[in-house]
Structures are given as structure tokens and as C-alpha cells.
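> Pasting upload-v1.cif below, which is mmCIF, C-alpha atoms.
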```cif
data_start
loop_
_atom_site.label_atom_id
_atom_site.label_comp_id
_atom_site.auth_asym_id
_atom_site.auth_seq_id
_atom_site.Cartn_x
_atom_site.Cartn_y
_atom_site.Cartn_z
CA MET A 1 0.00 0.00 0.00
CA TRP A 2 1.21 3.49 -0.87
CA VAL A 3 0.91 6.39 1.56
CA VAL A 4 0.36 9.37 -0.74
CA LYS A 5 -0.62 12.31 1.48
CA LYS A 6 -0.24 13.09 5.18
CA ILE A 7 -3.32 14.19 7.10
CA ASN A 8 -1.62 14.13 10.48
CA ASN A 9 1.07 11.99 12.09
CA ASN A 10 -1.33 9.08 12.58
CA ALA A 11 -3.59 9.35 9.53
CA ALA A 12 -2.91 9.54 5.80
CA VAL A 13 -4.50 9.26 2.38
CA CYS A 14 -3.38 5.98 0.82
CA ARG A 15 -3.84 3.83 -2.27
CA ASP A 16 -4.24 0.08 -2.03
CA ASN A 17 -3.03 -2.56 -4.48
CA ASN A 18 -6.13 -1.99 -6.64
CA ASP A 19 -5.30 1.75 -6.81
CA ASP A 20 -8.40 2.61 -4.73
CA GLU A 21 -8.10 5.63 -2.45
CA LEU A 22 -8.63 5.26 1.27
CA VAL A 23 -7.81 6.94 4.56
CA ALA A 24 -5.75 4.82 6.94
CA PHE A 25 -5.12 5.24 10.65
CA GLY A 26 -1.94 3.93 12.21
CA LYS A 27 0.70 5.02 14.68
CA GLY A 28 3.14 7.31 12.88
CA ILE A 29 2.11 6.46 9.30
CA GLY A 30 1.88 10.13 8.40
CA PHE A 31 5.28 10.99 9.80
CA PRO A 32 7.63 9.90 6.93
CA LYS A 33 7.91 12.01 3.80
CA THR A 34 5.21 11.09 1.29
CA PRO A 35 4.72 9.35 -1.01
CA TYR A 36 6.20 6.12 0.28
CA GLU A 37 5.33 2.42 0.25
CA LEU A 38 4.06 0.98 3.50
CA THR A 39 5.10 -2.65 3.67
CA ASP A 40 4.28 -3.43 7.31
CA MET A 41 0.47 -3.57 7.31
CA ARG A 42 0.49 -4.31 11.03
CA LYS A 43 0.91 -0.58 11.54
CA ILE A 44 -2.59 0.04 10.17
CA SER A 45 -5.30 0.08 12.83
CA MET A 46 -8.28 1.26 10.77
CA THR A 47 -9.14 2.05 7.14
CA PHE A 48 -11.95 4.04 5.50
CA TYR A 49 -12.90 4.01 1.81
CA LYS A 50 -14.91 6.66 -0.09
CA LEU A 51 -14.78 9.24 2.68
CA ASN A 52 -16.95 12.33 2.41
CA LEU A 53 -15.02 15.61 2.18
CA HIS A 54 -16.42 16.60 5.58
CA TYR A 55 -14.53 13.74 7.18
CA TYR A 56 -11.26 15.01 5.72
CA GLN A 57 -11.98 18.46 7.15
CA LEU A 58 -12.79 16.95 10.52
CA LEU A 59 -9.44 15.18 10.57
CA LYS A 60 -7.76 18.57 10.24
CA GLU A 61 -9.93 20.29 12.86
CA ILE A 62 -9.85 17.76 15.69
CA PRO A 63 -6.67 17.04 17.71
CA GLU A 64 -4.94 13.76 16.90
CA ASN A 65 -5.15 12.47 20.46
CA VAL A 66 -8.94 12.88 20.42
CA PHE A 67 -9.16 10.79 17.24
CA GLU A 68 -6.88 8.15 18.75
CA VAL A 69 -9.11 7.87 21.82
CA SER A 70 -12.24 7.74 19.64
CA ALA A 71 -10.77 4.91 17.54
CA GLU A 72 -9.81 2.98 20.68
CA ILE A 73 -13.31 3.38 22.13
CA VAL A 74 -14.96 2.19 18.90
CA ALA A 75 -12.60 -0.79 18.65
CA GLN A 76 -13.63 -1.80 22.17
CA ALA A 77 -17.32 -1.21 21.41
CA GLN A 78 -17.16 -3.54 18.42
CA THR A 79 -16.27 -6.38 20.80
CA GLN A 80 -18.98 -5.50 23.35
CA ILE A 81 -22.05 -4.46 21.34
CA PRO A 82 -23.72 -7.37 19.49
CA ARG A 83 -25.09 -5.27 16.61
CA SER A 84 -22.93 -3.94 13.77
CA LEU A 85 -21.88 -0.30 14.06
CA ASN A 86 -21.61 2.30 11.33
CA PRO A 87 -17.83 2.52 10.75
CA ASN A 88 -18.06 6.32 10.49
CA ILE A 89 -18.94 6.46 14.19
CA VAL A 90 -15.19 7.04 14.76
CA PHE A 91 -15.63 10.49 13.22
CA SER A 92 -18.92 11.43 14.87
CA LEU A 93 -17.67 10.23 18.26
CA ALA A 94 -14.40 12.18 17.89
CA ASP A 95 -16.44 15.25 16.99
CA HIS A 96 -18.63 14.74 20.06
CA ILE A 97 -15.69 14.24 22.43
CA ASN A 98 -13.94 17.33 21.09
CA PHE A 99 -17.14 19.36 21.42
CA ALA A 100 -17.75 18.04 24.95
CA ILE A 101 -14.25 19.10 25.99
CA THR A 102 -14.68 22.55 24.44
CA ARG A 103 -18.13 22.96 25.98
CA MET A 104 -16.84 21.98 29.41
CA GLN A 105 -14.06 24.56 29.14
CA GLN A 106 -16.52 27.29 28.17
CA TYR A 107 -19.29 26.33 30.62
CA GLN A 108 -17.43 24.80 33.55
CA ASN A 109 -20.47 24.66 35.83
CA MET A 110 -22.86 23.31 33.22
CA LYS A 111 -24.90 20.25 34.22
CA LEU A 112 -26.22 17.79 31.67
CA PRO A 113 -28.99 15.23 32.12
CA PHE A 114 -28.06 11.65 32.93
CA SER A 115 -30.78 9.26 31.83
CA TYR A 116 -31.24 6.10 33.84
CA ASP A 117 -33.71 4.97 31.16
CA VAL A 118 -30.80 4.76 28.71
CA GLN A 119 -28.85 2.73 31.27
CA GLN A 120 -31.74 0.28 31.61
CA LEU A 121 -32.60 0.04 27.90
CA TYR A 122 -29.06 -0.07 26.54
CA PRO A 123 -26.74 -1.67 29.12
CA ALA A 124 -23.98 -2.58 26.60
CA GLU A 125 -23.95 0.93 25.15
CA THR A 126 -23.95 2.48 28.64
CA LYS A 127 -21.02 0.26 29.57
CA MET A 128 -19.16 1.67 26.57
CA GLY A 129 -20.09 5.20 27.65
CA LYS A 130 -18.50 4.55 31.04
CA PHE A 131 -15.45 3.01 29.39
CA ALA A 132 -15.14 6.06 27.11
CA VAL A 133 -15.35 8.61 29.93
CA LYS A 134 -12.73 6.67 31.89
CA LEU A 135 -10.42 6.34 28.86
CA ILE A 136 -10.73 10.06 28.06
CA ARG A 137 -9.70 10.83 31.64
CA GLN A 138 -6.70 8.51 31.37
CA ARG A 139 -5.53 9.46 27.87
CA LEU A 140 -6.48 13.15 27.66
CA ASP A 141 -6.50 14.12 31.35
CA VAL A 142 -10.00 15.53 30.91
CA HIS A 143 -12.64 14.80 33.56
CA LEU A 144 -15.93 14.78 31.66
CA PRO A 145 -19.13 14.84 33.75
CA ASN A 146 -21.00 11.60 34.41
CA SER A 147 -23.76 12.77 32.05
CA GLU A 148 -21.39 12.16 29.12
CA VAL A 149 -21.87 8.43 29.74
CA THR A 150 -25.40 8.82 28.40
CA ALA A 151 -24.39 11.11 25.53
CA ILE A 152 -21.71 8.70 24.31
CA ALA A 153 -23.98 5.70 24.83
CA MET A 154 -26.55 7.37 22.56
CA HIS A 155 -23.90 7.66 19.83
CA PHE A 156 -23.63 3.88 19.80
CA VAL A 157 -27.41 3.48 19.91
CA ASN A 158 -27.87 5.81 16.94
CA SER A 159 -24.98 4.23 15.05
CA GLN A 160 -26.81 0.90 15.00
CA SER A 161 -29.74 2.40 13.09
CA LEU A 162 -32.17 0.60 15.34
CA SER A 163 -35.58 -0.03 13.83
CA GLU A 164 -38.04 2.78 14.28
CA THR A 165 -41.50 3.00 12.77
CA ALA A 166 -41.56 5.01 9.56
CA THR A 167 -44.22 7.34 10.97
CA THR A 168 -42.20 8.18 14.09
CA LYS A 169 -39.00 8.60 12.12
CA ASP A 170 -40.62 10.86 9.53
CA PHE A 171 -42.24 12.99 12.24
CA THR A 172 -38.93 13.36 14.09
CA GLU A 173 -37.04 14.31 10.94
CA GLU A 174 -39.76 16.81 10.03
CA LEU A 175 -39.40 18.53 13.41
CA ILE A 176 -35.61 18.64 12.99
CA ASP A 177 -36.06 20.18 9.55
CA GLN A 178 -38.49 22.77 10.92
CA ALA A 179 -36.03 23.65 13.69
CA THR A 180 -33.25 24.05 11.12
CA GLN A 181 -35.43 26.30 8.97
CA ILE A 182 -36.12 28.52 11.98
CA ILE A 183 -32.38 29.00 12.48
CA GLU A 184 -31.82 29.71 8.78
CA GLN A 185 -34.66 32.24 8.65
CA GLN A 186 -33.77 34.09 11.83
CA PHE A 187 -30.07 34.43 10.99
CA THR A 188 -30.29 34.49 7.17
CA ILE A 189 -27.85 31.62 6.70
CA GLN A 190 -27.76 28.36 4.77
CA ILE A 191 -26.93 25.37 6.96
CA ASP A 192 -24.94 22.53 5.43
CA ARG A 193 -27.11 19.52 6.19
CA GLN A 194 -24.27 17.16 5.31
CA GLY A 195 -21.87 18.74 7.76
CA PHE A 196 -20.88 17.42 11.17
CA THR A 197 -22.07 20.51 13.02
CA TYR A 198 -25.58 20.06 11.67
CA ASN A 199 -25.53 16.30 12.34
CA ARG A 200 -24.49 16.99 15.91
CA PHE A 201 -27.43 19.40 16.28
CA ALA A 202 -29.82 16.88 14.70
CA MET A 203 -28.65 14.13 17.07
CA HIS A 204 -29.21 16.42 20.04
CA VAL A 205 -32.74 17.26 18.87
CA ARG A 206 -33.57 13.56 18.36
CA TYR A 207 -32.53 12.79 21.92
CA TYR A 208 -34.31 15.91 23.17
CA LEU A 209 -37.55 14.72 21.49
CA LYS A 210 -37.23 11.23 22.97
CA ARG A 211 -36.55 12.65 26.41
CA ILE A 212 -39.37 15.17 26.43
CA GLN A 213 -41.90 12.65 25.04
CA ALA A 214 -40.88 10.24 27.81
CA ASP A 215 -41.61 13.06 30.28
CA GLU A 216 -38.04 13.06 31.59
CA VAL A 217 -38.29 16.54 33.06
CA LEU A 218 -34.98 18.30 33.63
CA ASN A 219 -34.34 20.42 36.71
CA GLU A 220 -35.07 24.06 35.83
CA ASP A 221 -32.36 25.22 38.25
CA ASP A 222 -29.47 23.04 37.02
CA ASN A 223 -28.05 25.71 34.73
CA ALA A 224 -30.05 28.77 35.81
CA THR A 225 -27.05 31.09 36.19
CA LEU A 226 -25.45 30.05 32.90
CA PHE A 227 -28.83 30.23 31.15
CA GLU A 228 -29.49 33.80 32.29
CA ALA A 229 -25.95 34.87 31.38
CA MET A 230 -26.17 33.42 27.88
CA LYS A 231 -29.69 34.77 27.42
CA SER A 232 -28.43 38.26 28.27
CA GLU A 233 -25.27 37.89 26.17
CA SER A 234 -26.98 36.40 23.08
CA PRO A 235 -30.64 37.52 22.93
CA LYS A 236 -31.03 36.56 19.26
CA ILE A 237 -29.83 33.02 19.94
CA TYR A 238 -32.20 32.81 22.91
CA SER A 239 -35.09 34.02 20.75
CA CYS A 240 -34.26 31.38 18.13
CA ALA A 241 -34.01 28.57 20.70
CA GLN A 242 -37.30 29.71 22.26
CA ALA A 243 -38.98 29.63 18.85
CA ILE A 244 -37.74 26.06 18.24
CA ALA A 245 -38.88 24.92 21.70
CA THR A 246 -42.29 26.52 21.14
CA LYS A 247 -42.64 24.74 17.78
CA ILE A 248 -41.78 21.40 19.37
CA ASP A 249 -44.09 21.94 22.35
CA GLU A 250 -46.96 22.87 20.03
CA GLN A 251 -46.47 19.67 18.04
CA LEU A 252 -46.02 17.37 21.03
CA SER A 253 -48.16 19.11 23.67
CA THR A 254 -45.15 19.27 25.97
CA HIS A 255 -43.28 21.89 28.00
CA SER A 256 -39.60 22.55 27.34
CA SER A 257 -37.66 23.65 30.40
CA ASN A 258 -35.11 26.46 30.46
CA ASP A 259 -32.42 23.78 30.60
CA GLU A 260 -33.61 22.34 27.29
CA ILE A 261 -33.62 25.84 25.77
CA PHE A 262 -30.12 26.42 27.16
CA TYR A 263 -28.83 23.27 25.42
CA LEU A 264 -30.46 24.37 22.16
CA MET A 265 -28.74 27.77 22.46
CA ILE A 266 -25.34 26.09 22.71
CA TYR A 267 -25.90 24.03 19.56
CA ILE A 268 -27.36 26.99 17.66
CA LYS A 269 -24.34 29.08 18.62
CA ARG A 270 -22.03 26.35 17.37
CA MET A 271 -23.80 26.20 13.99
CA LEU A 272 -23.65 29.98 13.66
CA ASN A 273 -19.93 29.97 14.41
CA LYS A 274 -19.40 27.22 11.84
CA SER A 275 -21.45 29.12 9.26
CA MET A 276 -19.45 32.33 9.82
CA ASN A 277 -16.13 30.48 9.59
CA THR A 278 -17.19 28.84 6.33
CA THR A 279 -18.30 32.20 4.90
CA ASN A 280 -14.99 33.81 5.88
CA GLU A 281 -13.00 30.96 4.30
CA GLU A 282 -14.94 31.25 1.04
CA SER A 283 -14.62 35.05 0.91
CA SER A 284 -10.85 34.83 1.41
CA LYS A 285 -10.36 32.54 -1.57
#
```
Is it possible to give me this structure as C-alpha cells?


Amino acid sequence: MWVVKKINNNAAVCRDNNDDELVAFGKGIGFPKTPYELTDMRKISMTFYKLNLHYYQLLKEIPENVFEVSAEIVAQAQTQIPRSLNPNIVFSLADHINFAITRMQQYQNMKLPFSYDVQQLYPAETKMGKFAVKLIRQRLDVHLPNSEVTAIAMHFVNSQSLSETATTKDFTEELIDQATQIIEQQFTIQIDRQGFTYNRFAMHVRYYLKRIQADEVLNEDDNATLFEAMKSESPKIYSCAQAIATKIDEQLSTHSSNDEIFYLMIYIKRMLNKSMNTTNEESSK
């Protein structure tokens, strides 16, 4: 196999013996000067064919050590979870871990919900969530909150594409689309629905809908101080999150707490930042 282009020290664009392009992960494979022939295939830990361009960008944006931890977690999960996983979960999980670390640094006192229903319904996935949080602490010296066990467990649940009735799935996706349109209209932007930032938002909304329909009410006071501060600092983002919550509550006859609105604000802010960065990159070309 030929290593043709370095992505980072532990990932590179390669070509196999059939001249098909792939991205390979392996300790130090991106370090030598390219192109070169890799003869010791034992160095390769993971390969990906036909990668979307967004995955390449993600490899450049996320620290190498975060990707290494994500790959190790997924490798362990494949031995523990009986259903097959989407191989691209390495990328979505790395994106989530990186976002969780960034979010924790920005909102140090933020509390996230921990769902015991997830623990009961998905014991294998919850076990992997606990393994992941522990490994992140050991490898990255980052102490994620216990609630991340649930968030990471849900990544493995969603990666399995578990059966869901067509009606429920369509209704959920319609609500996500409506929420996205609200953001686009209020901020006059076009959201890339193939991008990781959008997919992260969509995953959050799916879990939010499941939680609120199951009447898992979050404590209104968990993030009261942070909520009020962000509401005051970013009134337009608050207004947008409130509009999305109102749309969801109207459709489901539910009541979204301030905590739920606070979480929406964080994801909306992230999409706005991503949109502005993309616009700036395009204008500078």
C-alpha cells in the first residue's frame, strides 16, 4: 500500500493494491515524507474508503489524540455491542468528544442530564459510555461529567440504526427540519445539512424529542445562572431557541424547560460559528 498524502502523524491518504483511495489510521504512518510504500500492514489500525469531504476536514480540525481515543473506544465497542456499528462512528464520536471538551471549558459549571432509562434500555452501550469517559480521563486528562456516559452511549445506539416505525422517524425528521429552517430564517444563513455541526445538532434534537416525550423533566435550576448569562449575552440566539422549543411543544403538547432551551442555544451558537467560519473561508479565496 502506498501512503500518498499526510493528514496528520497518525492518519494519511493511501492507495491500495487496486489503486483505490482510502484513509488509513496507524501510529506514525503520516510521519515519513510522502509518497512512500508501507510494507508493514500491522501498523494500520483502521481504514476508510470513499470518505466524504467533511470527514477530511474533521481530521484537520480535531486534535490527533482525540481521534486516537475515539478509535480505541470504537474498537472496544465492536467487541462488546452485538449489533454492527456504522464505521463512520469514529468520526462522529471524535467530533462529540472534542465538542464536549470545548463545551466543558466554556461552561465549567454546566450540568447535563443523565438518563437512567438509557442505562436500563441499553446496558452494553452504557457500559461503553462509562469506558469512554474513563479512557478520556486517562488518555487526555479531561474529567468529563457523568452525564457524558449517556451522551456517548446514545452515539452507539444511533450508530446501530435501530428499527423505528416510519411514521415516528418521519415525524422526528420533520421537526428537525423545521427547527433548522427557523435557524436559517432568523439568521439568514444556509446550513450545510451534510456537515458534522448540523448532524451533531440533529442528534441532540432527536434525543431531546425522545426525552421530552418520555416526560423526563430536567431540573429548571441546574443551569439557571449560565442560562441567564447566555440569554443576556446572546438575545437573538435565545429568541431562536425559544422559537424552536415553542414549535416542538406545540407539536407534542409538551413543556420545554429552560435547561432544554439552554442546550439548544449552545448548539445553535455552534452552527452559527461554523457558518461564519465557512463564509470567511470562502470570501478569502

> Near Arg42 (chain A), counting only C-alpha atoms, which residues have an atom at most 12 Å away, once you skip same-chain residues fewer than 2 positions from it, shown as a PyMOL selection string?

chain A and resi 1+24-27+29+38-40+44-46

> What do you get, as a ChimeraX atom specification, if you spell out every residue that the PyMOL selection byres ((chain A and resi 84) around 12) selects here?

/A:74-75,77-83,85-89,156-162

> Excluding Arg270 (chain A) and residues on its chain fewer than 3 positions from it, collect all residues at most 12 Å away from it, counting only C-alpha atoms, and give them as a short mmCIF file (atom, residue, chain, number, x, y, z; two decimals) with C-alpha atoms, keeping the file's coordinate frame.


```cif
data_model
loop_
_atom_site.label_atom_id
_atom_site.label_comp_id
_atom_site.auth_asym_id
_atom_site.auth_seq_id
_atom_site.Cartn_x
_atom_site.Cartn_y
_atom_site.Cartn_z
CA PHE A 99 -17.14 19.36 21.42
CA THR A 102 -14.68 22.55 24.44
CA ARG A 103 -18.13 22.96 25.98
CA ILE A 183 -32.38 29.00 12.48
CA ILE A 191 -26.93 25.37 6.96
CA PHE A 196 -20.88 17.42 11.17
CA THR A 197 -22.07 20.51 13.02
CA TYR A 198 -25.58 20.06 11.67
CA ASN A 199 -25.53 16.30 12.34
CA ARG A 200 -24.49 16.99 15.91
CA PHE A 201 -27.43 19.40 16.28
CA ILE A 237 -29.83 33.02 19.94
CA TYR A 263 -28.83 23.27 25.42
CA LEU A 264 -30.46 24.37 22.16
CA MET A 265 -28.74 27.77 22.46
CA ILE A 266 -25.34 26.09 22.71
CA TYR A 267 -25.90 24.03 19.56
CA ASN A 273 -19.93 29.97 14.41
CA LYS A 274 -19.40 27.22 11.84
CA SER A 275 -21.45 29.12 9.26
CA MET A 276 -19.45 32.33 9.82
CA ASN A 277 -16.13 30.48 9.59
#
```

> Apply the PyMOL selection byres ((chain A and resi 96) around 10) to the displayed file and report the matching residues as a ChimeraX atom specification.

/A:66,70,90-95,97-102,148,151-152,155,196-197,200

> Of the candidates A:Ala229, A:Ala132, A:Ile261, A:Ala153, which one gets nearest to Val69 (chain A) if we count all atoms listed in the file?

A:Ala132

> Nearest to Tyr207 (chain A) among A:Glu260, A:Asp177, A:Glu233, A:Glu250, with distances taken over only C-alpha atoms: which residue is it?

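Checking each of A:Glu260, A:Asp177, A:Glu233, A:Glu250 against Tyr207 (chain A), counting only C-alpha atoms, the winner is A:Glu260.
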
> Please measure the separation of CA of Gln119 (chain A) and CA of Lys134 (chain A), giving the value in Å to one decimal.

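We find that CA of Gln119 (chain A) and CA of Lys134 (chain A) lie 16.6 Å from each other.
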
> Would you compute the distance between CA of Ile248 (chain A) and CA of His54 (chain A)? Give it in Å to one decimal.

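Spanning CA of Ile248 (chain A) to CA of His54 (chain A) is a straight-line distance of 29.3 Å.
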
> Looking at A:Tyr122, A:Phe67, A:Trp2, A:Tyr36, which one is nearest to Arg139 (chain A), with distances taken over all atoms listed in the file?

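For Arg139 (chain A), the nearest of the given residues is A:Phe67.
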
> Calculate how many Å separate CA of Asp259 (chain A) from CA of Asn223 (chain A), rounding to one decimal.

6.3 Å

> From the list A:Ile73, A:Ile268, A:Gly28, A:Leu175, which residue is nearest Met128 (chain A) when using all atoms listed in the file?

A:Ile73

> Which is closer to Leu140 (chain A) than all the others in A:Lys127, A:Ile176, A:Thr188, A:Glu68, using all atoms listed in the file?

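For Leu140 (chain A), the nearest of the given residues is A:Glu68.
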
> Counting all atoms listed in the file, which residues come within 8 Å of (-42.4, 17.8, 24.1), with the point read in the file's coordinates, and could you list them as a list in words?

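The answer, in the requested form, is Leu209, Ile212, Gln213, Asp215, Ile248, Asp249, Glu250, Gln251, Leu252, Ser253, Thr254, His255 and Ser256 of chain A.
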
> Mind checking which residues fall within 12 Å of Leu53 (chain A), counting only C-alpha atoms, ignoring those fewer than 3 positions away in the same chain, and posting them as a list of chain:residue names?

A:Val23, A:Tyr49, A:Lys50, A:Tyr56, A:Gln57, A:Leu58, A:Leu59, A:Lys60, A:Gln194, A:Gly195, A:Phe196

> Calculated over all atoms listed in the file, which of the candidates A:Val205, A:Glu174, A:Glu184, A:Met104 has the smallest distance to His143 (chain A)?

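For His143 (chain A), the nearest of the given residues is A:Met104.
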
> Let me know the centre plus edge lengths, in Å and rounded to one decimal, of a box with edges along x, y and z that contains all listed atoms of region 184-191 of chain A and is padded by 8 Å on every side, as lines of an AutoDock Vina configuration file.


```
center_x = -30.8
center_y = 29.9
center_z = 8.3
size_x = 23.7
size_y = 25.1
size_z = 23.1
```

> With the file shown as input, list the residues that the PyMOL selection byres ((chain A and resi 145) around 9) selects, as a VMD selection string.

chain A and resid 104 111 to 112 133 143 to 144 146 to 149

> Now that the selection is made, can you save its residues with C-alpha atoms as a short mmCIF file (atom, residue, chain, number, x, y, z; two decimals), in the frame of the given file?


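Once written, selection_11.cif looks like this:
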```cif
data_model
loop_
_atom_site.label_atom_id
_atom_site.label_comp_id
_atom_site.auth_asym_id
_atom_site.auth_seq_id
_atom_site.Cartn_x
_atom_site.Cartn_y
_atom_site.Cartn_z
CA MET A 104 -16.84 21.98 29.41
CA LYS A 111 -24.90 20.25 34.22
CA LEU A 112 -26.22 17.79 31.67
CA VAL A 133 -15.35 8.61 29.93
CA HIS A 143 -12.64 14.80 33.56
CA LEU A 144 -15.93 14.78 31.66
CA ASN A 146 -21.00 11.60 34.41
CA SER A 147 -23.76 12.77 32.05
CA GLU A 148 -21.39 12.16 29.12
CA VAL A 149 -21.87 8.43 29.74
#
```
